[in-house]
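A.B. asks: Provided herewith: work.pdb, PDB, C-alpha atoms and all ligand atoms.
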```pdb
ATOM      1  CA  MET A 243       0.000   0.000   0.000
ATOM      2  CA  ARG A 244       1.531   3.300  -1.116
ATOM      3  CA  PHE A 245       0.516   6.926  -0.757
ATOM      4  CA  GLN A 246       1.838  10.252  -1.944
ATOM      5  CA  VAL A 247       1.824  13.237   0.425
ATOM      6  CA  GLY A 248       3.100  16.119  -1.715
ATOM      7  CA  ARG A 249       6.742  15.301  -2.412
ATOM      8  CA  ILE A 250       6.896  12.579   0.249
ATOM      9  CA  GLU A 251       6.100   8.955  -0.531
ATOM     10  CA  LEU A 252       4.649   6.623   2.114
ATOM     11  CA  ALA A 253       4.419   2.837   2.034
ATOM     12  CA  LEU A 254       2.997   0.379   4.547
ATOM     13  CA  LEU A 255       5.170  -2.675   5.151
ATOM     14  CA  ASP A 256       4.105  -5.920   6.809
ATOM     15  CA  GLY A 257       6.090  -6.134  10.037
ATOM     16  CA  GLY A 258       4.517  -9.422  11.180
ATOM     17  CA  ARG A 259       1.198 -10.494  12.631
ATOM     18  CA  PHE A 260      -0.129 -11.721  15.959
ATOM     19  CA  TRP A 261      -3.343 -12.189  17.919
ATOM     20  CA  LEU A 262      -4.326 -10.414  21.149
ATOM     21  CA  ASP A 263      -7.137 -10.954  23.608
ATOM     22  CA  GLY A 264     -10.164  -9.006  22.325
ATOM     23  CA  GLY A 265     -11.172  -7.970  25.845
ATOM     24  CA  ALA A 266      -7.748  -6.424  26.432
ATOM     25  CA  MET A 267      -7.853  -4.711  23.047
ATOM     26  CA  PHE A 268     -11.210  -3.014  23.666
ATOM     27  CA  GLY A 269     -11.173  -2.483  27.451
ATOM     28  CA  ILE A 270     -14.631  -1.649  28.824
ATOM     29  CA  VAL A 271     -16.435  -2.160  25.496
ATOM     30  CA  PRO A 272     -18.771  -5.207  25.746
ATOM     31  CA  ARG A 273     -17.771  -8.285  23.736
ATOM     32  CA  SER A 274     -21.187  -8.244  22.043
ATOM     33  CA  LEU A 275     -20.194  -4.937  20.399
ATOM     34  CA  TRP A 276     -16.526  -5.401  19.437
ATOM     35  CA  SER A 277     -16.950  -9.023  18.310
ATOM     36  CA  ARG A 278     -19.270  -7.921  15.465
ATOM     37  CA  GLN A 279     -16.502  -5.821  13.962
ATOM     38  CA  TYR A 280     -13.617  -8.107  15.023
ATOM     39  CA  PRO A 281     -14.779 -11.754  15.191
ATOM     40  CA  PRO A 282     -12.503 -13.472  17.755
ATOM     41  CA  ASP A 283     -10.920 -16.932  17.429
ATOM     42  CA  GLU A 284     -11.620 -19.858  19.799
ATOM     43  CA  ALA A 285      -9.344 -18.293  22.464
ATOM     44  CA  ASN A 286     -11.119 -14.889  22.243
ATOM     45  CA  ARG A 287      -8.182 -13.365  20.344
ATOM     46  CA  VAL A 288      -8.430 -10.836  17.493
ATOM     47  CA  PRO A 289      -5.929 -10.470  14.617
ATOM     48  CA  ILE A 290      -3.373  -7.661  14.768
ATOM     49  CA  VAL A 291      -1.091  -6.606  11.919
ATOM     50  CA  CYS A 292       2.120  -4.661  12.577
ATOM     51  CA  ARG A 293       2.367  -2.096   9.806
ATOM     52  CA  ALA A 294       5.735  -0.446   9.559
ATOM     53  CA  LEU A 295       5.662   2.927   7.827
ATOM     54  CA  LEU A 296       8.289   3.680   5.202
ATOM     55  CA  ILE A 297       8.715   7.417   4.531
ATOM     56  CA  ARG A 298      10.765   8.560   1.540
ATOM     57  CA  THR A 299      11.387  12.282   1.357
ATOM     58  CA  PRO A 300      13.395  13.658  -1.591
ATOM     59  CA  ASP A 301      16.593  13.099   0.414
ATOM     60  CA  ARG A 302      15.914  10.807   3.374
ATOM     61  CA  CYS A 303      14.669   7.308   4.002
ATOM     62  CA  VAL A 304      12.856   6.886   7.327
ATOM     63  CA  LEU A 305      11.341   3.693   8.689
ATOM     64  CA  VAL A 306       8.830   3.830  11.549
ATOM     65  CA  ASP A 307       8.152   0.862  13.874
ATOM     66  CA  PRO A 308       9.794  -2.128  12.145
ATOM     67  CA  GLY A 309       7.434  -4.572  13.870
ATOM     68  CA  LEU A 310       7.871  -8.018  15.399
ATOM     69  CA  GLY A 311      11.127  -9.181  13.817
ATOM     70  CA  THR A 312      12.207 -12.818  13.949
ATOM     71  CA  ASN A 313      13.422 -13.307  17.539
ATOM     72  CA  TRP A 314      10.456 -15.457  18.595
ATOM     73  CA  GLU A 315      10.107 -19.045  19.719
ATOM     74  CA  GLY A 316       8.340 -21.265  22.231
ATOM     75  CA  ARG A 317       5.558 -20.248  24.571
ATOM     76  CA  TRP A 318       5.094 -16.583  23.582
ATOM     77  CA  LYS A 319       5.020 -17.403  19.888
ATOM     78  CA  GLU A 320       2.148 -19.775  20.640
ATOM     79  CA  ILE A 321       0.263 -17.515  23.084
ATOM     80  CA  LEU A 322       0.373 -14.689  20.541
ATOM     81  CA  LYS A 323      -0.245 -16.983  17.489
ATOM     82  CA  LEU A 324       2.614 -14.990  16.021
ATOM     83  CA  THR A 325       3.872 -14.740  12.447
ATOM     84  CA  PRO A 326       7.351 -13.147  12.462
ATOM     85  CA  GLY A 327       8.066 -10.074  10.352
ATOM     86  CA  ASN A 328      10.511  -9.909   7.477
ATOM     87  CA  ILE A 329      11.268  -6.234   6.965
ATOM     88  CA  GLY A 330      14.294  -7.003   4.773
ATOM     89  CA  ALA A 331      12.045  -8.704   2.210
ATOM     90  CA  GLU A 332       9.466  -5.922   2.502
ATOM     91  CA  LEU A 333      12.126  -3.263   1.825
ATOM     92  CA  ALA A 334      13.344  -5.277  -1.171
ATOM     93  CA  ARG A 335       9.833  -5.088  -2.665
ATOM     94  CA  HIS A 336      10.346  -1.313  -2.673
ATOM     95  CA  GLY A 337      13.816  -1.545  -4.216
ATOM     96  CA  LEU A 338      15.591  -0.805  -0.912
ATOM     97  CA  LYS A 339      18.244  -2.501   1.200
ATOM     98  CA  PRO A 340      18.507  -2.312   5.025
ATOM     99  CA  ASP A 341      21.552  -0.053   4.458
ATOM    100  CA  ASP A 342      19.312   2.549   2.808
ATOM    101  CA  ILE A 343      17.404   3.315   6.048
ATOM    102  CA  GLN A 344      18.947   6.460   7.539
ATOM    103  CA  THR A 345      16.513   6.946  10.406
ATOM    104  CA  CYS A 346      14.468   4.350  12.267
ATOM    105  CA  VAL A 347      11.774   5.889  14.483
ATOM    106  CA  PHE A 348      10.180   4.025  17.362
ATOM    107  CA  THR A 349       6.778   5.455  18.265
ATOM    108  CA  HIS A 350       7.394   3.559  21.524
ATOM    109  CA  LEU A 351       9.310   0.441  22.575
ATOM    110  CA  HIS A 352       6.597  -2.213  23.033
ATOM    111  CA  PHE A 353       7.826  -5.460  21.460
ATOM    112  CA  ASP A 354       5.381  -5.327  18.546
ATOM    113  CA  HIS A 355       6.951  -2.019  17.424
ATOM    114  CA  ALA A 356      10.622  -2.402  18.380
ATOM    115  CA  ALA A 357      11.701  -6.051  17.980
ATOM    116  CA  GLY A 358      12.048  -5.800  14.176
ATOM    117  CA  ALA A 359      14.985  -3.392  14.515
ATOM    118  CA  LEU A 360      17.289  -6.358  15.166
ATOM    119  CA  HIS A 361      18.364  -9.280  13.074
ATOM    120  CA  GLN A 362      20.449 -12.320  13.775
ATOM    121  CA  LEU A 363      24.048 -12.497  12.612
ATOM    122  CA  TYR A 364      25.432 -15.950  13.533
ATOM    123  CA  ASP A 365      24.710 -16.145  17.286
ATOM    124  CA  GLN A 366      24.316 -12.404  17.868
ATOM    125  CA  TRP A 367      21.471  -9.937  17.499
ATOM    126  CA  VAL A 368      22.595  -6.762  15.762
ATOM    127  CA  PRO A 369      20.858  -3.646  14.356
ATOM    128  CA  ALA A 370      18.879  -4.652  11.249
ATOM    129  CA  PHE A 371      19.583  -1.260   9.634
ATOM    130  CA  PRO A 372      23.376  -0.866   9.886
ATOM    131  CA  LYS A 373      23.508   2.828   8.962
ATOM    132  CA  ALA A 374      20.436   4.099  10.823
ATOM    133  CA  GLU A 375      20.060   6.170  13.954
ATOM    134  CA  PHE A 376      17.221   4.940  16.191
ATOM    135  CA  VAL A 377      14.992   7.752  17.409
ATOM    136  CA  VAL A 378      12.859   7.387  20.536
ATOM    137  CA  GLN A 379      11.607   9.634  23.350
ATOM    138  CA  ARG A 380      14.028   9.651  26.288
ATOM    139  CA  ASP A 381      11.418   8.736  28.932
ATOM    140  CA  GLU A 382      10.174   5.806  26.814
ATOM    141  CA  PHE A 383      13.757   4.518  26.580
ATOM    142  CA  GLU A 384      14.328   4.885  30.341
ATOM    143  CA  HIS A 385      11.023   3.170  31.116
ATOM    144  CA  ALA A 386      11.642   0.275  28.691
ATOM    145  CA  ARG A 387      14.809  -0.630  30.593
ATOM    146  CA  GLN A 388      12.817  -0.942  33.836
ATOM    147  CA  PRO A 389       9.115  -1.280  33.057
ATOM    148  CA  GLY A 390       6.487  -1.263  35.802
ATOM    149  CA  VAL A 391       4.597  -4.273  37.145
ATOM    150  CA  ARG A 392       1.572  -3.379  35.009
ATOM    151  CA  ASP A 393       3.283  -3.148  31.593
ATOM    152  CA  ARG A 394       6.371  -5.335  31.877
ATOM    153  CA  ALA A 395       4.882  -7.936  29.482
ATOM    154  CA  SER A 396       4.885  -5.283  26.725
ATOM    155  CA  TYR A 397       8.666  -4.702  26.775
ATOM    156  CA  ARG A 398      11.559  -7.114  26.158
ATOM    157  CA  VAL A 399      14.966  -5.965  27.226
ATOM    158  CA  LEU A 400      16.482  -8.263  24.572
ATOM    159  CA  ASP A 401      14.916  -5.997  21.891
ATOM    160  CA  ILE A 402      16.633  -2.915  23.246
ATOM    161  CA  LEU A 403      20.018  -3.956  24.656
ATOM    162  CA  PRO A 404      21.845  -4.627  21.347
ATOM    163  CA  LEU A 405      20.769  -1.198  20.050
ATOM    164  CA  ALA A 406      21.769   0.504  23.297
ATOM    165  CA  ARG A 407      25.170  -1.244  23.188
ATOM    166  CA  SER A 408      25.710  -0.134  19.603
ATOM    167  CA  GLY A 409      25.340   3.505  20.752
ATOM    168  CA  ARG A 410      22.851   4.222  17.997
ATOM    169  CA  PHE A 411      19.888   5.448  19.989
ATOM    170  CA  LYS A 412      19.059   9.106  19.512
ATOM    171  CA  LEU A 413      16.974  10.107  22.523
ATOM    172  CA  VAL A 414      14.648  13.058  21.966
ATOM    173  CA  GLU A 415      12.478  15.052  24.365
ATOM    174  CA  GLY A 416       9.152  16.510  23.268
ATOM    175  CA  ASP A 417       8.050  17.313  19.718
ATOM    176  CA  THR A 418      10.836  17.200  17.119
ATOM    177  CA  GLU A 419      11.425  16.938  13.380
ATOM    178  CA  CYS A 420      13.385  13.837  12.312
ATOM    179  CA  ALA A 421      13.580  14.761   8.606
ATOM    180  CA  PRO A 422      12.254  17.712   6.593
ATOM    181  CA  GLY A 423       8.449  17.336   6.647
ATOM    182  CA  VAL A 424       8.467  14.480   9.190
ATOM    183  CA  ARG A 425       7.433  15.563  12.689
ATOM    184  CA  LEU A 426       7.360  13.438  15.841
ATOM    185  CA  VAL A 427       4.580  14.550  18.185
ATOM    186  CA  ARG A 428       4.313  13.360  21.762
ATOM    187  CA  VAL A 429       0.963  11.885  22.757
ATOM    188  CA  ALA A 430       0.288  10.914  26.352
ATOM    189  CA  GLY A 431      -1.523   8.015  27.981
ATOM    190  CA  HIS A 432      -0.655   4.775  26.165
ATOM    191  CA  SER A 433       2.964   4.444  27.300
ATOM    192  CA  PRO A 434       5.356   6.864  29.071
ATOM    193  CA  GLY A 435       6.780   8.308  25.832
ATOM    194  CA  LEU A 436       4.564   7.525  22.836
ATOM    195  CA  GLN A 437       5.154   9.731  19.790
ATOM    196  CA  ALA A 438       2.901   9.980  16.732
ATOM    197  CA  VAL A 439       4.370  10.697  13.292
ATOM    198  CA  VAL A 440       3.019  13.580  11.201
ATOM    199  CA  VAL A 441       4.120  13.926   7.570
ATOM    200  CA  GLU A 442       3.567  17.209   5.766
ATOM    201  CA  SER A 443       4.423  18.341   2.237
ATOM    202  CA  GLU A 444       2.962  20.844  -0.212
ATOM    203  CA  GLY A 445      -0.109  21.510   1.954
ATOM    204  CA  LEU A 446      -0.955  17.815   2.431
ATOM    205  CA  ARG A 447      -0.671  15.878   5.697
ATOM    206  CA  ALA A 448      -0.644  12.316   7.004
ATOM    207  CA  TYR A 449      -0.893  11.050  10.587
ATOM    208  CA  TYR A 450       0.453   7.774  11.955
ATOM    209  CA  PRO A 451      -0.901   7.811  15.525
ATOM    210  CA  SER A 452       0.496   4.373  16.426
ATOM    211  CA  ASP A 453      -1.159   2.785  19.476
ATOM    212  CA  LEU A 454      -3.123   5.924  20.288
ATOM    213  CA  ILE A 455      -5.572   4.539  17.649
ATOM    214  CA  PRO A 456      -4.499   0.953  16.872
ATOM    215  CA  LEU A 457      -7.622  -0.295  15.036
ATOM    216  CA  LEU A 458     -10.573   1.290  13.217
ATOM    217  CA  GLY A 459     -12.800   0.472  16.216
ATOM    218  CA  HIS A 460     -10.646   2.799  18.324
ATOM    219  CA  LEU A 461     -11.794   5.803  16.259
ATOM    220  CA  ARG A 462     -14.711   5.852  18.735
ATOM    221  CA  PRO A 463     -13.709   7.951  21.747
ATOM    222  CA  THR A 464     -14.628   5.361  24.401
ATOM    223  CA  TRP A 465     -13.105   2.340  22.643
ATOM    224  CA  LEU A 466      -9.870   2.271  24.619
ATOM    225  CA  ALA A 467      -7.448  -0.614  25.005
ATOM    226  CA  ALA A 468      -6.837  -2.012  28.490
ATOM    227  CA  TYR A 469      -3.123  -1.721  27.606
ATOM    228  CA  ASP A 470      -3.362   2.084  27.835
ATOM    229  CA  LEU A 471      -1.670   3.195  31.064
ATOM    230  CA  GLU A 472      -4.072   6.159  31.363
ATOM    231  CA  PRO A 473      -7.230   5.493  29.322
ATOM    232  CA  SER A 474      -8.908   8.853  29.947
ATOM    233  CA  THR A 475      -5.736  10.658  28.823
ATOM    234  CA  VAL A 476      -5.711   8.558  25.631
ATOM    235  CA  LEU A 477      -9.357   9.541  25.037
ATOM    236  CA  GLY A 478      -8.443  13.254  25.071
ATOM    237  CA  GLU A 479      -5.262  12.796  23.035
ATOM    238  CA  LYS A 480      -6.946  10.857  20.250
ATOM    239  CA  GLN A 481      -9.702  13.474  20.029
ATOM    240  CA  ARG A 482      -6.988  16.140  19.709
ATOM    241  CA  ILE A 483      -5.131  14.257  16.947
ATOM    242  CA  LEU A 484      -8.324  13.292  15.067
ATOM    243  CA  ALA A 485      -9.645  16.883  15.223
ATOM    244  CA  GLU A 486      -6.379  18.080  13.630
ATOM    245  CA  ALA A 487      -6.548  15.341  10.993
ATOM    246  CA  GLU A 488     -10.179  16.211  10.191
ATOM    247  CA  GLU A 489      -9.398  19.931   9.954
ATOM    248  CA  HIS A 490      -6.528  19.328   7.531
ATOM    249  CA  ARG A 491      -8.351  16.581   5.563
ATOM    250  CA  ALA A 492      -5.308  14.454   6.330
ATOM    251  CA  LEU A 493      -4.561  10.831   5.603
ATOM    252  CA  VAL A 494      -4.766   8.734   8.792
ATOM    253  CA  ILE A 495      -2.850   5.437   8.935
ATOM    254  CA  LEU A 496      -3.699   2.911  11.658
ATOM    255  CA  GLY A 497      -0.685   0.794  12.507
ATOM    256  CA  HIS A 498      -2.481  -2.390  13.616
ATOM    257  CA  GLU A 499      -5.648  -2.469  11.476
ATOM    258  CA  PRO A 500      -5.792  -5.675   9.391
ATOM    259  CA  LEU A 501      -8.114  -4.729   6.520
ATOM    260  CA  HIS A 502      -8.460  -1.023   5.692
ATOM    261  CA  PRO A 503      -5.695   0.729   7.616
ATOM    262  CA  ALA A 504      -5.671   4.117   5.878
ATOM    263  CA  GLY A 505      -8.123   6.826   4.890
ATOM    264  CA  VAL A 506      -9.354  10.366   5.364
ATOM    265  CA  PRO A 507     -11.604  10.980   8.416
ATOM    266  CA  ARG A 508     -15.267  11.672   7.635
ATOM    267  CA  ARG A 509     -18.435  11.568   9.759
ATOM    268  CA  ASP A 510     -21.500   9.430   9.121
ATOM    269  CA  ALA A 511     -25.113  10.579   9.697
ATOM    270  CA  GLU A 512     -24.790   9.875  13.446
ATOM    271  CA  GLY A 513     -21.569  11.860  13.705
ATOM    272  CA  ASN A 514     -19.304   8.821  14.069
ATOM    273  CA  LEU A 515     -15.910   8.983  12.423
ATOM    274  CA  PHE A 516     -14.891   6.596   9.670
ATOM    275  CA  LEU A 517     -11.985   6.565   7.209
ATOM    276  CA  GLU A 518     -12.872   7.203   3.593
ATOM    277  CA  LYS A 519     -10.831   5.782   0.709
ATOM    278  CA  PRO A 520      -7.925   8.206   0.292
ATOM    279  CA  LYS A 521      -8.210   9.214  -3.390
ATOM    280  CA  GLU A 522      -6.292  12.478  -2.993
ATOM    281  CA  PHE A 523      -3.244  10.589  -1.693
ATOM    282  CA  ALA A 524      -3.086   8.082  -4.548
ATOM    283  CA  HIS A 525       0.441   7.072  -5.440
ATOM    284  CA  ALA A 526       1.499   8.126  -8.929
TER     285      ALA A 526
HETATM  286 ZN    ZN B   1       1.233  -2.020  19.337
END
```
Now, as a test, write the supplied structure out as structure tokens.

C.D. replies:
Amino acid sequence: MRFQVGRIELALLDGGRFWLDGGAMFGIVPRSLWSRQYPPDEANRVPIVCRALLIRTPDRCVLVDPGLGTNWEGRWKEILKLTPGNIGAELARHGLKPDDIQTCVFTHLHFDHAAGALHQLYDQWVPAFPKAEFVVQRDEFEHARQPGVRDRASYRVLDILPLARSGRFKLVEGDTECAPGVRLVRVAGHSPGLQAVVVESEGLRAYYPSDLIPLLGHLRPTWLAAYDLEPSTVLGEKQRILAEAEEHRALVILGHEPLHPAGVPRRDAEGNLFLEKPKEFAHA
């Protein structure tokens, strides 16, 4: 899936797939409601896709959230019904090599976003993009090294240590620009240092809100994942980001949505948001 935002080209890459408990994914929303939109499997799990975002500006190649990677075996692979990612093959489909990635952005360091930044070389795990700097918010990085009791299942220190040892993390604080036209915007509530990605060129915009709005169902204000550390903060933050996206008629890309992950926000007769097919962002 490719889109054009002015002079910047976007592509969604498959960073692996897994299944998560539907109750955890939709928090206080009754099963009778979410299961119509997301039919669960026999273990009450719903399918999740990890969509890495490739951003090509006229002079930089940025990859956001490289997904699940290949460092998976045993019990967790089974619990999560996990299909590993293969970002190298996905980049090749776009005529790129891992060496071509200059910046790798982590919206946050949960395993389903960060693990794909490593690959195995003989018996060692090394950065999958040898020439990239790895950009993350400082407080997210600090937290990922010592997560709390509540969210420690979402982080794996083995995903982060090889990058930390390589000295390639670039820790940022607050809103920043990681390439011309590519802004990183802090959004509170899901994890200690989540950042959304906003792409802007020639008057057009795209938003990649990451786990602030993981699936289409989460466009509704009260559909909040139980994984959110502060659900009511997430509610306010997603309304802020969606109001901006609506005002600018921006493309919105949902990083975990399996079927129709991208579109322009519109409202139906009842005032509920949906994403309309993004004709104005069609790739040439
Ligand atoms: Zn996630």

A.B. asks: If you count all atoms listed in the file, which residues end up within 9 Å of ligand ZN 1 (chain B), as a list in words?

C.D. replies: Ile290, Cys292, Gly309, His350, His352, Phe353, Asp354, His355, Ser396, Ser452, Asp453, Pro456, Gly497 and His498 of chain A

A.B. asks: For the residues in the current selection, export C-alpha atoms as a PDB file, keeping the file's coordinate frame.

C.D. replies:
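File out_21.pdb, as written:
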```pdb
ATOM      1  CA  ILE A 290      -3.373  -7.661  14.768  1.00  0.00           C
ATOM      2  CA  CYS A 292       2.120  -4.661  12.577  1.00  0.00           C
ATOM      3  CA  GLY A 309       7.434  -4.572  13.870  1.00  0.00           C
ATOM      4  CA  HIS A 350       7.394   3.559  21.524  1.00  0.00           C
ATOM      5  CA  HIS A 352       6.597  -2.213  23.033  1.00  0.00           C
ATOM      6  CA  PHE A 353       7.826  -5.460  21.460  1.00  0.00           C
ATOM      7  CA  ASP A 354       5.381  -5.327  18.546  1.00  0.00           C
ATOM      8  CA  HIS A 355       6.951  -2.019  17.424  1.00  0.00           C
ATOM      9  CA  SER A 396       4.885  -5.283  26.725  1.00  0.00           C
ATOM     10  CA  SER A 452       0.496   4.373  16.426  1.00  0.00           C
ATOM     11  CA  ASP A 453      -1.159   2.785  19.476  1.00  0.00           C
ATOM     12  CA  PRO A 456      -4.499   0.953  16.872  1.00  0.00           C
ATOM     13  CA  GLY A 497      -0.685   0.794  12.507  1.00  0.00           C
ATOM     14  CA  HIS A 498      -2.481  -2.390  13.616  1.00  0.00           C
TER      15      HIS A 498
END
```

A.B. asks: Please return, as an MDAnalysis selection string, all polymer residues that have at least one atom within 12 Å of the point (-3.0, 3.9, 16.7); use all atoms listed in the file and the file's own coordinate frame.

C.D. replies: chainID A and resid 267 290:293 307 349:350 355 429 432 436:439 449:461 465:467 470 476:477 479:480 483:484 494:499 503:504

A.B. asks: Restrict the selected residues to C-alpha atoms and save them as an mmCIF file, in the coordinates of the input.

C.D. replies:
```cif
data_model
loop_
_atom_site.group_PDB
_atom_site.id
_atom_site.type_symbol
_atom_site.label_atom_id
_atom_site.label_comp_id
_atom_site.auth_asym_id
_atom_site.auth_seq_id
_atom_site.Cartn_x
_atom_site.Cartn_y
_atom_site.Cartn_z
ATOM 1 C CA MET A 267 -7.853 -4.711 23.047
ATOM 2 C CA ILE A 290 -3.373 -7.661 14.768
ATOM 3 C CA VAL A 291 -1.091 -6.606 11.919
ATOM 4 C CA CYS A 292 2.120 -4.661 12.577
ATOM 5 C CA ARG A 293 2.367 -2.096 9.806
ATOM 6 C CA ASP A 307 8.152 0.862 13.874
ATOM 7 C CA THR A 349 6.778 5.455 18.265
ATOM 8 C CA HIS A 350 7.394 3.559 21.524
ATOM 9 C CA HIS A 355 6.951 -2.019 17.424
ATOM 10 C CA VAL A 429 0.963 11.885 22.757
ATOM 11 C CA HIS A 432 -0.655 4.775 26.165
ATOM 12 C CA LEU A 436 4.564 7.525 22.836
ATOM 13 C CA GLN A 437 5.154 9.731 19.790
ATOM 14 C CA ALA A 438 2.901 9.980 16.732
ATOM 15 C CA VAL A 439 4.370 10.697 13.292
ATOM 16 C CA TYR A 449 -0.893 11.050 10.587
ATOM 17 C CA TYR A 450 0.453 7.774 11.955
ATOM 18 C CA PRO A 451 -0.901 7.811 15.525
ATOM 19 C CA SER A 452 0.496 4.373 16.426
ATOM 20 C CA ASP A 453 -1.159 2.785 19.476
ATOM 21 C CA LEU A 454 -3.123 5.924 20.288
ATOM 22 C CA ILE A 455 -5.572 4.539 17.649
ATOM 23 C CA PRO A 456 -4.499 0.953 16.872
ATOM 24 C CA LEU A 457 -7.622 -0.295 15.036
ATOM 25 C CA LEU A 458 -10.573 1.290 13.217
ATOM 26 C CA GLY A 459 -12.800 0.472 16.216
ATOM 27 C CA HIS A 460 -10.646 2.799 18.324
ATOM 28 C CA LEU A 461 -11.794 5.803 16.259
ATOM 29 C CA TRP A 465 -13.105 2.340 22.643
ATOM 30 C CA LEU A 466 -9.870 2.271 24.619
ATOM 31 C CA ALA A 467 -7.448 -0.614 25.005
ATOM 32 C CA ASP A 470 -3.362 2.084 27.835
ATOM 33 C CA VAL A 476 -5.711 8.558 25.631
ATOM 34 C CA LEU A 477 -9.357 9.541 25.037
ATOM 35 C CA GLU A 479 -5.262 12.796 23.035
ATOM 36 C CA LYS A 480 -6.946 10.857 20.250
ATOM 37 C CA ILE A 483 -5.131 14.257 16.947
ATOM 38 C CA LEU A 484 -8.324 13.292 15.067
ATOM 39 C CA VAL A 494 -4.766 8.734 8.792
ATOM 40 C CA ILE A 495 -2.850 5.437 8.935
ATOM 41 C CA LEU A 496 -3.699 2.911 11.658
ATOM 42 C CA GLY A 497 -0.685 0.794 12.507
ATOM 43 C CA HIS A 498 -2.481 -2.390 13.616
ATOM 44 C CA GLU A 499 -5.648 -2.469 11.476
ATOM 45 C CA PRO A 503 -5.695 0.729 7.616
ATOM 46 C CA ALA A 504 -5.671 4.117 5.878
#
```

A.B. asks: Taking all atoms listed in the file into account, which of A:Arg249, A:Arg509, A:Arg428, A:Arg398 comes nearest A:Asn313?

C.D. replies: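 Of all the options, A:Arg398 lies closest to A:Asn313.
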
A.B. asks: Could you check which of A:Ala285, A:Val427, A:Ala524, A:Ile402 is closest to A:Arg387, using only C-alpha atoms?

C.D. replies: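 Smallest distance to A:Arg387 is found for A:Ile402.
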
A.B. asks: Which distance in Å separates atom CA of A:Thr464 and atom CA of A:Val441, to one decimal?

C.D. replies: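 Taking atom CA of A:Thr464 and atom CA of A:Val441, their separation equals 26.6 Å.
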
A.B. asks: What is the atom CA of A:Ala331-atom CA of A:Val424 distance in Å, reported with one decimal?

C.D. replies: 24.5 Å

A.B. asks: I need the residue nearest A:Leu515 from this list: A:Glu488, A:Pro300, A:Arg380, A:Pro422. Use only C-alpha atoms for the distance.

C.D. replies: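 Smallest distance to A:Leu515 is found for A:Glu488.
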
A.B. asks: Could you pull the residues within 7 Å of stretch 366-375 of chain A, counting all atoms listed in the file, minus those fewer than 3 positions along the same chain, as a ChimeraX atom specification?

C.D. replies: /A:340-341,343-346,359-363,404-405,410-412

A.B. asks: Restricting the calculation to all atoms listed in the file, which member of A:Glu419, A:Ser433, A:Gly269, A:Leu333 is positioned closest to A:Gly390?

C.D. replies: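 Using all atoms listed in the file, the shortest distance to A:Gly390 belongs to A:Ser433.
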
A.B. asks: Using all atoms listed in the file, which residue out of A:Ala487, A:Arg278, A:Ser474, A:Gly258 lies closest to A:Glu332?

C.D. replies: A:Gly258

A.B. asks: With the file shown as input, list the residues that the PyMOL selection byres (((chain A and resi 381) around 9) and not hetatm) selects, as an MDAnalysis selection string.

C.D. replies: chainID A and resid 378:380 382:386 413:415 434:435

A.B. asks: Compare A:Leu296, A:Lys323, A:Arg302, A:Gly409 by their minimum atom-to-atom distance to A:Glu284, counting all atoms listed in the file, and give me the closest one.

C.D. replies: A:Lys323
